[in-house]
$ cat structure_5.csv   # CSV, C-alpha atoms
chain,number,residue,atom,x,y,z
P,1,MET,CA,116.5,175.7,-11.5
P,2,VAL,CA,113.5,177.5,-10.0
P,3,LEU,CA,110.1,177.4,-11.8
P,4,PHE,CA,106.7,178.7,-10.8
P,5,VAL,CA,103.4,177.2,-11.6
P,6,PRO,CA,99.9,178.6,-10.9
P,7,VAL,CA,99.1,179.0,-7.2
P,8,LEU,CA,96.0,177.1,-6.1
P,9,SER,CA,96.2,177.5,-2.4
P,10,ASP,CA,94.4,180.2,-0.3
P,11,GLY,CA,97.6,182.3,-0.3
P,12,LEU,CA,100.6,181.8,1.9
P,13,ASP,CA,101.2,185.5,2.2
P,14,SER,CA,97.7,186.3,3.5
P,15,ARG,CA,97.8,188.2,6.8
P,16,LYS,CA,94.2,187.4,7.7
P,17,TRP,CA,93.5,185.6,11.0
P,18,HIS,CA,91.0,182.8,11.1
P,19,HIS,CA,89.1,181.4,14.1
P,20,ALA,CA,89.7,177.9,15.5
P,21,HIS,CA,90.2,176.1,18.8
P,22,ALA,CA,93.2,174.3,20.3
P,23,THR,CA,93.9,171.5,22.8
P,24,PHE,CA,97.1,169.6,23.5
P,25,TYR,CA,98.3,166.0,23.6
P,26,GLY,CA,101.3,164.2,24.9
P,27,ASP,CA,103.6,165.5,27.7
P,28,MET,CA,106.2,168.3,28.0
P,29,GLN,CA,108.8,166.1,26.5
P,30,GLY,CA,106.8,165.4,23.4
P,31,GLY,CA,105.5,162.0,24.3
P,32,ALA,CA,102.8,160.8,21.9
P,33,THR,CA,103.7,163.5,19.3
P,34,MET,CA,106.4,161.6,17.5
P,35,GLN,CA,105.7,159.6,14.3
P,36,GLY,CA,102.1,160.5,13.2
P,37,ALA,CA,100.0,160.6,10.1
P,38,CYS,CA,102.4,162.8,8.1
P,39,GLY,CA,105.0,160.1,8.0
P,40,TYR,CA,107.6,161.9,10.0
P,41,GLY,CA,109.6,160.0,12.6
P,42,ASP,CA,111.7,161.4,15.4
P,43,LEU,CA,110.6,165.1,15.3
P,44,PHE,CA,113.7,166.2,17.2
P,45,GLN,CA,116.1,164.5,14.8
P,46,GLN,CA,114.1,165.9,11.8
P,47,GLY,CA,114.2,169.4,13.1
P,48,TYR,CA,110.6,170.0,14.1
P,49,GLY,CA,111.0,169.5,17.8
P,50,LEU,CA,108.0,170.4,20.0
P,51,ALA,CA,106.7,173.2,17.8
P,52,THR,CA,104.2,170.9,16.2
P,53,ALA,CA,100.4,170.3,15.9
P,54,ALA,CA,97.9,167.6,14.8
P,55,LEU,CA,95.2,169.1,12.6
P,56,SER,CA,91.5,168.5,12.4
P,57,THR,CA,90.0,166.9,9.3
P,58,VAL,CA,89.3,170.1,7.5
P,59,LEU,CA,92.8,171.6,8.1
P,60,PHE,CA,94.6,168.3,7.5
P,61,ASN,CA,93.2,168.0,4.0
P,62,ASN,CA,94.0,164.3,3.7
P,63,GLY,CA,97.6,165.0,4.5
P,64,LEU,CA,98.2,167.6,1.9
P,65,THR,CA,98.9,170.2,4.7
P,66,CYS,CA,101.7,168.1,6.3
P,67,GLY,CA,104.7,170.3,6.7
P,68,ALA,CA,102.9,173.6,6.5
P,69,CYS,CA,103.4,176.2,9.2
P,70,PHE,CA,100.9,178.2,11.3
P,71,GLU,CA,101.1,181.1,13.6
P,72,ILE,CA,98.6,180.8,16.5
P,73,ARG,CA,97.4,183.0,19.3
P,74,CYS,CA,95.1,182.5,22.3
P,75,VAL,CA,92.1,184.9,22.1
P,76,LYS,CA,88.9,185.9,23.9
P,77,ASP,CA,89.5,183.8,27.0
P,78,PRO,CA,91.1,186.0,29.7
P,79,GLN,CA,90.6,183.2,32.3
P,80,TRP,CA,93.0,180.9,30.5
P,81,CYS,CA,95.0,182.9,27.9
P,82,ILE,CA,98.4,183.9,29.2
P,83,LEU,CA,98.6,187.7,29.2
P,84,GLY,CA,101.3,188.9,26.9
P,85,ALA,CA,102.1,185.4,25.6
P,86,GLY,CA,102.1,186.6,22.0
P,87,THR,CA,102.0,183.9,19.3
P,88,ILE,CA,103.5,180.5,18.6
P,89,LYS,CA,104.6,179.0,15.3
P,90,VAL,CA,104.0,175.3,14.7
P,91,THR,CA,104.4,172.8,11.9
P,92,ALA,CA,101.6,170.4,10.9
P,93,THR,CA,103.0,166.9,11.6
P,94,ASN,CA,100.0,164.8,12.6
P,95,PHE,CA,96.2,164.3,12.3
P,96,CYS,CA,93.6,164.8,14.9
P,97,PRO,CA,91.0,162.2,14.0
P,98,PRO,CA,87.2,162.8,14.2
P,99,ASN,CA,85.2,161.3,17.0
P,100,TYR,CA,81.6,160.5,16.3
P,101,THR,CA,80.9,158.6,19.5
P,102,PRO,CA,77.7,160.0,21.0
P,103,PRO,CA,77.3,162.6,22.2
P,104,ASN,CA,80.4,163.9,20.4
P,105,PHE,CA,78.9,164.7,17.0
P,106,ASP,CA,80.4,168.2,17.2
P,107,HIS,CA,83.7,167.0,18.6
P,108,TRP,CA,86.5,169.6,18.0
P,109,CYS,CA,88.3,167.6,15.3
P,110,ASN,CA,85.1,166.6,13.4
P,111,PRO,CA,84.3,168.4,10.1
P,112,PRO,CA,83.8,171.2,9.7
P,113,GLN,CA,85.6,172.3,12.9
P,114,LYS,CA,89.0,174.0,12.5
P,115,HIS,CA,91.2,172.7,15.3
P,116,PHE,CA,94.8,172.4,16.4
P,117,ASP,CA,95.9,169.6,18.8
P,118,LEU,CA,99.2,171.1,20.0
P,119,SER,CA,102.1,169.6,21.8
P,120,MET,CA,101.8,170.3,25.5
P,121,LYS,CA,104.8,172.6,25.3
P,122,MET,CA,103.2,174.8,22.7
P,123,PHE,CA,99.8,174.9,24.4
P,124,THR,CA,101.2,176.0,27.7
P,125,THR,CA,103.2,178.7,26.0
P,126,ILE,CA,99.9,180.6,25.2
P,127,ALA,CA,97.4,179.2,27.8
P,128,MET,CA,97.1,177.7,31.2
P,129,TYR,CA,97.5,173.9,31.4
P,130,LYS,CA,94.1,173.5,33.1
P,131,ALA,CA,92.2,175.2,30.3
P,132,GLY,CA,91.9,172.0,28.3
P,133,ILE,CA,90.5,173.7,25.2
P,134,ILE,CA,90.9,177.4,24.1
P,135,PRO,CA,89.7,179.7,21.4
P,136,VAL,CA,92.5,180.7,19.0
P,137,GLU,CA,93.2,182.6,15.9
P,138,TYR,CA,95.6,181.3,13.3
P,139,ARG,CA,97.2,182.1,9.9
P,140,ARG,CA,99.5,180.4,7.5
P,141,VAL,CA,103.1,181.6,7.7
P,142,PRO,CA,106.3,180.7,5.8
P,143,CYS,CA,108.3,177.9,7.4
P,144,THR,CA,111.9,178.6,8.5
P,145,ARG,CA,114.1,175.6,8.0
P,146,TYR,CA,117.9,175.1,8.4
P,147,GLY,CA,119.9,173.2,5.9
P,148,GLY,CA,118.8,171.6,2.7
P,149,LEU,CA,115.7,169.7,1.7
P,150,LYS,CA,115.9,166.1,2.9
P,151,PHE,CA,114.9,162.8,1.3
P,152,GLU,CA,114.6,159.6,3.4
P,153,MET,CA,114.7,156.4,1.4
P,154,ARG,CA,112.5,153.5,2.3
P,155,GLY,CA,111.1,150.4,0.5
P,156,ASN,CA,112.7,147.6,-1.5
P,157,PRO,CA,114.0,147.0,-5.0
P,158,TYR,CA,110.4,146.8,-6.3
P,159,TRP,CA,109.2,150.1,-5.0
P,160,LEU,CA,110.8,153.2,-3.5
P,161,LEU,CA,109.1,155.3,-0.8
P,162,VAL,CA,110.6,158.7,-0.2
P,163,LEU,CA,109.8,160.9,2.8
P,164,VAL,CA,110.4,164.6,1.8
P,165,TYR,CA,110.9,166.8,4.8
P,166,ASN,CA,112.7,169.9,6.1
P,167,VAL,CA,110.9,171.9,3.5
P,168,GLY,CA,111.1,175.7,3.8
P,169,LYS,CA,108.7,178.5,3.0
P,170,ALA,CA,105.3,176.9,2.0
P,171,GLY,CA,106.4,173.7,3.8
P,172,ASP,CA,103.7,171.4,2.2
P,173,VAL,CA,104.7,169.5,-0.9
P,174,THR,CA,102.1,169.0,-3.7
P,175,GLN,CA,104.1,167.2,-6.4
P,176,VAL,CA,107.3,165.1,-6.6
P,177,SER,CA,109.0,163.6,-9.6
P,178,ILE,CA,112.1,161.5,-9.7
P,179,LYS,CA,114.8,160.8,-12.3
P,180,GLY,CA,117.5,158.1,-12.3
P,181,SER,CA,120.3,157.4,-14.8
P,182,ASP,CA,117.8,157.3,-17.7
P,183,PRO,CA,116.6,160.6,-19.1
P,184,GLY,CA,113.1,161.7,-18.3
P,185,TRP,CA,111.2,162.5,-15.1
P,186,LEU,CA,108.9,159.9,-13.4
P,187,PRO,CA,106.0,161.3,-11.4
P,188,MET,CA,105.7,160.0,-7.9
P,189,ALA,CA,102.4,159.3,-6.1
P,190,ARG,CA,101.7,160.6,-2.7
P,191,VAL,CA,100.6,157.6,-0.6
P,192,TRP,CA,100.1,159.3,2.8
P,193,GLY,CA,101.4,162.4,4.5
P,194,GLN,CA,104.6,163.4,2.8
P,195,ASN,CA,105.6,159.9,1.6
P,196,TRP,CA,105.9,159.6,-2.1
P,197,VAL,CA,106.3,156.3,-4.0
P,198,THR,CA,107.4,155.0,-7.4
P,199,GLY,CA,107.2,151.4,-8.7
P,200,SER,CA,110.4,151.8,-10.8
P,201,ASN,CA,113.6,149.9,-9.8
P,202,LEU,CA,116.1,152.7,-9.3
P,203,VAL,CA,118.6,150.8,-7.1
P,204,GLY,CA,122.2,151.6,-8.1
P,205,GLN,CA,121.3,154.8,-9.8
P,206,ALA,CA,122.0,158.4,-8.8
P,207,LEU,CA,118.7,160.1,-8.1
P,208,SER,CA,117.4,163.6,-8.8
P,209,PHE,CA,114.1,165.1,-7.5
P,210,ARG,CA,111.8,167.8,-8.8
P,211,VAL,CA,109.7,169.1,-5.9
P,212,THR,CA,106.7,171.5,-6.0
P,213,THR,CA,105.2,173.2,-3.0
P,214,SER,CA,101.7,174.6,-2.5
P,215,ASP,CA,102.7,178.1,-3.3
P,216,GLY,CA,103.6,177.0,-6.8
P,217,LYS,CA,107.3,177.1,-6.4
P,218,ARG,CA,109.3,174.2,-8.0
P,219,LEU,CA,112.9,173.3,-7.4
P,220,GLU,CA,115.1,170.6,-9.0
P,221,PHE,CA,117.6,168.7,-6.8
P,222,ASP,CA,120.1,167.1,-9.3
P,223,ASN,CA,121.9,164.0,-8.2
P,224,VAL,CA,121.1,164.7,-4.5
P,225,VAL,CA,121.1,160.9,-3.9
P,226,PRO,CA,124.3,159.1,-4.9
P,227,SER,CA,124.3,155.9,-6.9
P,228,TYR,CA,125.4,153.9,-3.8
P,229,TRP,CA,122.3,154.9,-1.8
P,230,GLN,CA,120.8,152.5,0.7
P,231,PHE,CA,117.3,152.0,2.0
P,232,GLY,CA,116.9,153.6,5.4
P,233,GLN,CA,119.3,156.4,4.7
P,234,THR,CA,118.6,160.1,4.4
P,235,TYR,CA,120.2,162.5,2.0
P,236,GLU,CA,120.3,166.3,2.2
P,237,ALA,CA,120.5,168.7,-0.6
P,238,GLY,CA,123.9,170.2,-0.9
P,239,GLY,CA,124.6,173.9,-0.4
P,240,ASN,CA,121.6,174.2,2.0
P,241,LYS,CA,119.3,174.2,-1.1
P,242,ASN,CA,115.8,174.8,0.0
P,243,PHE,CA,112.8,176.8,-0.8
$ encode --input "structure_5.csv" --output "structure tokens"
Amino acid sequence: MVLFVPVLSDGLDSRKWHHAHATFYGDMQGGATMQGACGYGDLFQQGYGLATAALSTVLFNNGLTCGACFEIRCVKDPQWCILGAGTIKVTATNFCPPNYTPPNFDHWCNPPQKHFDLSMKMFTTIAMYKAGIIPVEYRRVPCTRYGGLKFEMRGNPYWLLVLVYNVGKAGDVTQVSIKGSDPGWLPMARVWGQNWVTGSNLVGQALSFRVTTSDGKRLEFDNVVPSYWQFGQTYEAGGNKNF
């Protein structure tokens, strides 16, 4: 079932470019970019790879932007922008924390700065390594994902923590509800990143999810998790069901 609710975001389909800056962290193999504040783990196993970025405070929006996709291009710096490089597309998977240590009161990840801390691979696709920091333009774009939505089960019998990932189109999830064997949907609370929790004991029950993304689209994933599910396992929606 596909439902739509009012859209509160600034518009996924907007073609307008916005000004920001970009740096990089980690190495060419993605060192230091794994895990992160969105709750993802091995970004290669989860399908994000090196096409990722940590966002400044304003863009990160307390983790609500996790999973969203951005198109970025290097601009107005002919010394460091790679001529003809075009654009890159990245997924928000981490947080670039503010730094208020003097004299860094205007540090690039401090509010209200809009900043992308890219993987080294992504940064060096559009700019020279020695640039350090570059001016960029960015815009939100739909996420392209392969396969169905995925749900990773964590926790214990007293609480269930679910990481929702591999989300297409808008990419960022704003609401999740869960249903076990009993009728009725139970709202889940977002605790950090894209981790959602319920205090209900649902062990031994087949689980369904209702997921809403920031563009207002909502999908139901009926019995996507079998009754014999285990903590630490990941379940994918059948039939490549995704947004």
$ residues_around --input "structure_5.csv" --residues "region 187-197 of chain P" --least-positions-apart "4" --cutoff "12 Å" --atoms "only C-alpha atoms" --output "PyMOL selection string"
chain P and resi 35-41+60-68+92-95+150-156+158-167+171-180+201-202+208-213
$ residues_around --input "structure_5.csv" --residues "Thr124 (chain P)" --least-positions-apart "3" --cutoff "12 Å" --atoms "only C-alpha atoms" --output "list in words"
Ala22, Thr23, Phe24, Tyr25, Asp27, Met28, Leu50, Ala51, Arg73, Cys74, Trp80, Cys81, Ile82, Ala85, Thr87, Ile88, Leu118, Ser119, Met120, Lys121, Ala127, Met128, Tyr129, Lys130, Ala131, Gly132, Ile133 and Ile134 of chain P
$ residues_near_point --input "structure_5.csv" --point "(105.4, 174.0, 14.2)" --cutoff "6 Å" --atoms "only C-alpha atoms" --output "PyMOL selection string"
chain P and resi 51-52+69+89-91
$ atom_distance --input "structure_5.csv" --atom1 "CA of Met34 (chain P)" --atom2 "CA of Cys109 (chain P)"
19.2 Å
$ atom_distance --input "structure_5.csv" --atom1 "CA of Val141 (chain P)" --atom2 "CA of Gln79 (chain P)"
27.6 Å
$ closest_residue --input "structure_5.csv" --among "P:Phe70, P:Phe231, P:Trp185, P:Phe221" --to "Thr144 (chain P)" --atoms "only C-alpha atoms"
P:Phe70
$ atom_distance --input "structure_5.csv" --atom1 "CA of Ile72 (chain P)" --atom2 "CA of Glu137 (chain P)"
5.7 Å
$ closest_residue --input "structure_5.csv" --among "P:Gly204, P:Gly216, P:Pro135, P:Gly168" --to "Lys241 (chain P)" --atoms "only C-alpha atoms"
P:Gly168
$ closest_residue --input "structure_5.csv" --among "P:Ala20, P:Ala170, P:Leu219, P:Leu149" --to "Thr234 (chain P)" --atoms "all atoms listed in the file"
P:Leu149
$ residues_around --input "structure_5.csv" --residues "Ala206 (chain P)" --least-positions-apart "2" --cutoff "8 Å" --atoms "all atoms listed in the file" --output "list in words"
Gly180, Ser181, Gly204, Ser208, Asn223, Val224, Val225, Pro226, Ser227, Tyr228 and Trp229 of chain P
$ closest_residue --input "structure_5.csv" --among "P:Gln113, P:Glu220, P:Asp182, P:Gly30" --to "Gln205 (chain P)" --atoms "only C-alpha atoms"
P:Asp182
$ build_atoms --input "structure_5.csv" --residues "region 125-145 of chain P" --atoms "N, CA, C and O atoms" --output "JSON list (two decimals), keeping the file's coordinate frame"
[["chain", "number", "residue", "atom", "x", "y", "z"],
["P", 125, "THR", "N", 102.49, 177.47, 26.33],
["P", 125, "THR", "CA", 103.20, 178.70, 26.00],
["P", 125, "THR", "C", 102.15, 179.88, 25.92],
["P", 125, "THR", "O", 102.46, 181.03, 26.22],
["P", 126, "ILE", "N", 100.93, 179.55, 25.47],
["P", 126, "ILE", "CA", 99.90, 180.60, 25.20],
["P", 126, "ILE", "C", 98.72, 180.51, 26.18],
["P", 126, "ILE", "O", 97.92, 181.43, 26.25],
["P", 127, "ALA", "N", 98.58, 179.36, 26.90],
["P", 127, "ALA", "CA", 97.40, 179.20, 27.80],
["P", 127, "ALA", "C", 97.77, 178.38, 29.00],
["P", 127, "ALA", "O", 98.77, 177.65, 29.02],
["P", 128, "MET", "N", 96.93, 178.47, 30.00],
["P", 128, "MET", "CA", 97.10, 177.70, 31.20],
["P", 128, "MET", "C", 96.83, 176.22, 30.96],
["P", 128, "MET", "O", 95.91, 175.89, 30.21],
["P", 129, "TYR", "N", 97.58, 175.39, 31.61],
["P", 129, "TYR", "CA", 97.50, 173.90, 31.40],
["P", 129, "TYR", "C", 96.03, 173.45, 31.69],
["P", 129, "TYR", "O", 95.51, 172.61, 30.95],
["P", 130, "LYS", "N", 95.38, 173.98, 32.71],
["P", 130, "LYS", "CA", 94.10, 173.50, 33.10],
["P", 130, "LYS", "C", 92.94, 173.92, 32.17],
["P", 130, "LYS", "O", 91.80, 173.47, 32.31],
["P", 131, "ALA", "N", 93.25, 174.76, 31.20],
["P", 131, "ALA", "CA", 92.20, 175.20, 30.30],
["P", 131, "ALA", "C", 91.57, 174.11, 29.50],
["P", 131, "ALA", "O", 90.37, 174.12, 29.24],
["P", 132, "GLY", "N", 92.37, 173.16, 29.08],
["P", 132, "GLY", "CA", 91.90, 172.00, 28.30],
["P", 132, "GLY", "C", 91.66, 172.37, 26.84],
["P", 132, "GLY", "O", 92.33, 171.84, 25.96],
["P", 133, "ILE", "N", 90.74, 173.28, 26.55],
["P", 133, "ILE", "CA", 90.50, 173.70, 25.20],
["P", 133, "ILE", "C", 90.32, 175.24, 25.19],
["P", 133, "ILE", "O", 89.72, 175.81, 26.12],
["P", 134, "ILE", "N", 90.89, 175.90, 24.19],
["P", 134, "ILE", "CA", 90.90, 177.40, 24.10],
["P", 134, "ILE", "C", 90.50, 177.85, 22.75],
["P", 134, "ILE", "O", 90.76, 177.17, 21.74],
["P", 135, "PRO", "N", 89.88, 179.04, 22.66],
["P", 135, "PRO", "CA", 89.70, 179.70, 21.40],
["P", 135, "PRO", "C", 90.99, 180.29, 20.88],
["P", 135, "PRO", "O", 91.72, 180.89, 21.68],
["P", 136, "VAL", "N", 91.28, 180.13, 19.60],
["P", 136, "VAL", "CA", 92.50, 180.70, 19.00],
["P", 136, "VAL", "C", 92.22, 181.34, 17.70],
["P", 136, "VAL", "O", 91.16, 181.13, 17.10],
["P", 137, "GLU", "N", 93.17, 182.12, 17.26],
["P", 137, "GLU", "CA", 93.20, 182.60, 15.90],
["P", 137, "GLU", "C", 94.50, 182.10, 15.25],
["P", 137, "GLU", "O", 95.51, 181.97, 15.93],
["P", 138, "TYR", "N", 94.43, 181.81, 13.95],
["P", 138, "TYR", "CA", 95.60, 181.30, 13.30],
["P", 138, "TYR", "C", 95.73, 181.84, 11.86],
["P", 138, "TYR", "O", 94.75, 182.36, 11.30],
["P", 139, "ARG", "N", 96.93, 181.72, 11.32],
["P", 139, "ARG", "CA", 97.20, 182.10, 9.90],
["P", 139, "ARG", "C", 98.37, 181.28, 9.42],
["P", 139, "ARG", "O", 99.25, 180.90, 10.18],
["P", 140, "ARG", "N", 98.39, 181.04, 8.12],
["P", 140, "ARG", "CA", 99.50, 180.40, 7.50],
["P", 140, "ARG", "C", 100.71, 181.34, 7.45],
["P", 140, "ARG", "O", 100.54, 182.53, 7.14],
["P", 141, "VAL", "N", 101.90, 180.82, 7.73],
["P", 141, "VAL", "CA", 103.10, 181.60, 7.70],
["P", 141, "VAL", "C", 104.21, 180.80, 6.98],
["P", 141, "VAL", "O", 104.15, 179.57, 6.96],
["P", 142, "PRO", "N", 105.22, 181.46, 6.42],
["P", 142, "PRO", "CA", 106.30, 180.70, 5.80],
["P", 142, "PRO", "C", 107.09, 179.91, 6.88],
["P", 142, "PRO", "O", 107.23, 180.35, 8.03],
["P", 143, "CYS", "N", 107.55, 178.74, 6.49],
["P", 143, "CYS", "CA", 108.30, 177.90, 7.40],
["P", 143, "CYS", "C", 109.81, 178.28, 7.31],
["P", 143, "CYS", "O", 110.35, 178.48, 6.21],
["P", 144, "THR", "N", 110.44, 178.39, 8.46],
["P", 144, "THR", "CA", 111.90, 178.60, 8.50],
["P", 144, "THR", "C", 112.58, 177.30, 8.79],
["P", 144, "THR", "O", 112.33, 176.66, 9.80],
["P", 145, "ARG", "N", 113.43, 176.87, 7.87],
["P", 145, "ARG", "CA", 114.10, 175.60, 8.00],
["P", 145, "ARG", "C", 115.65, 175.86, 7.89],
["P", 145, "ARG", "O", 116.09, 176.84, 7.28]]
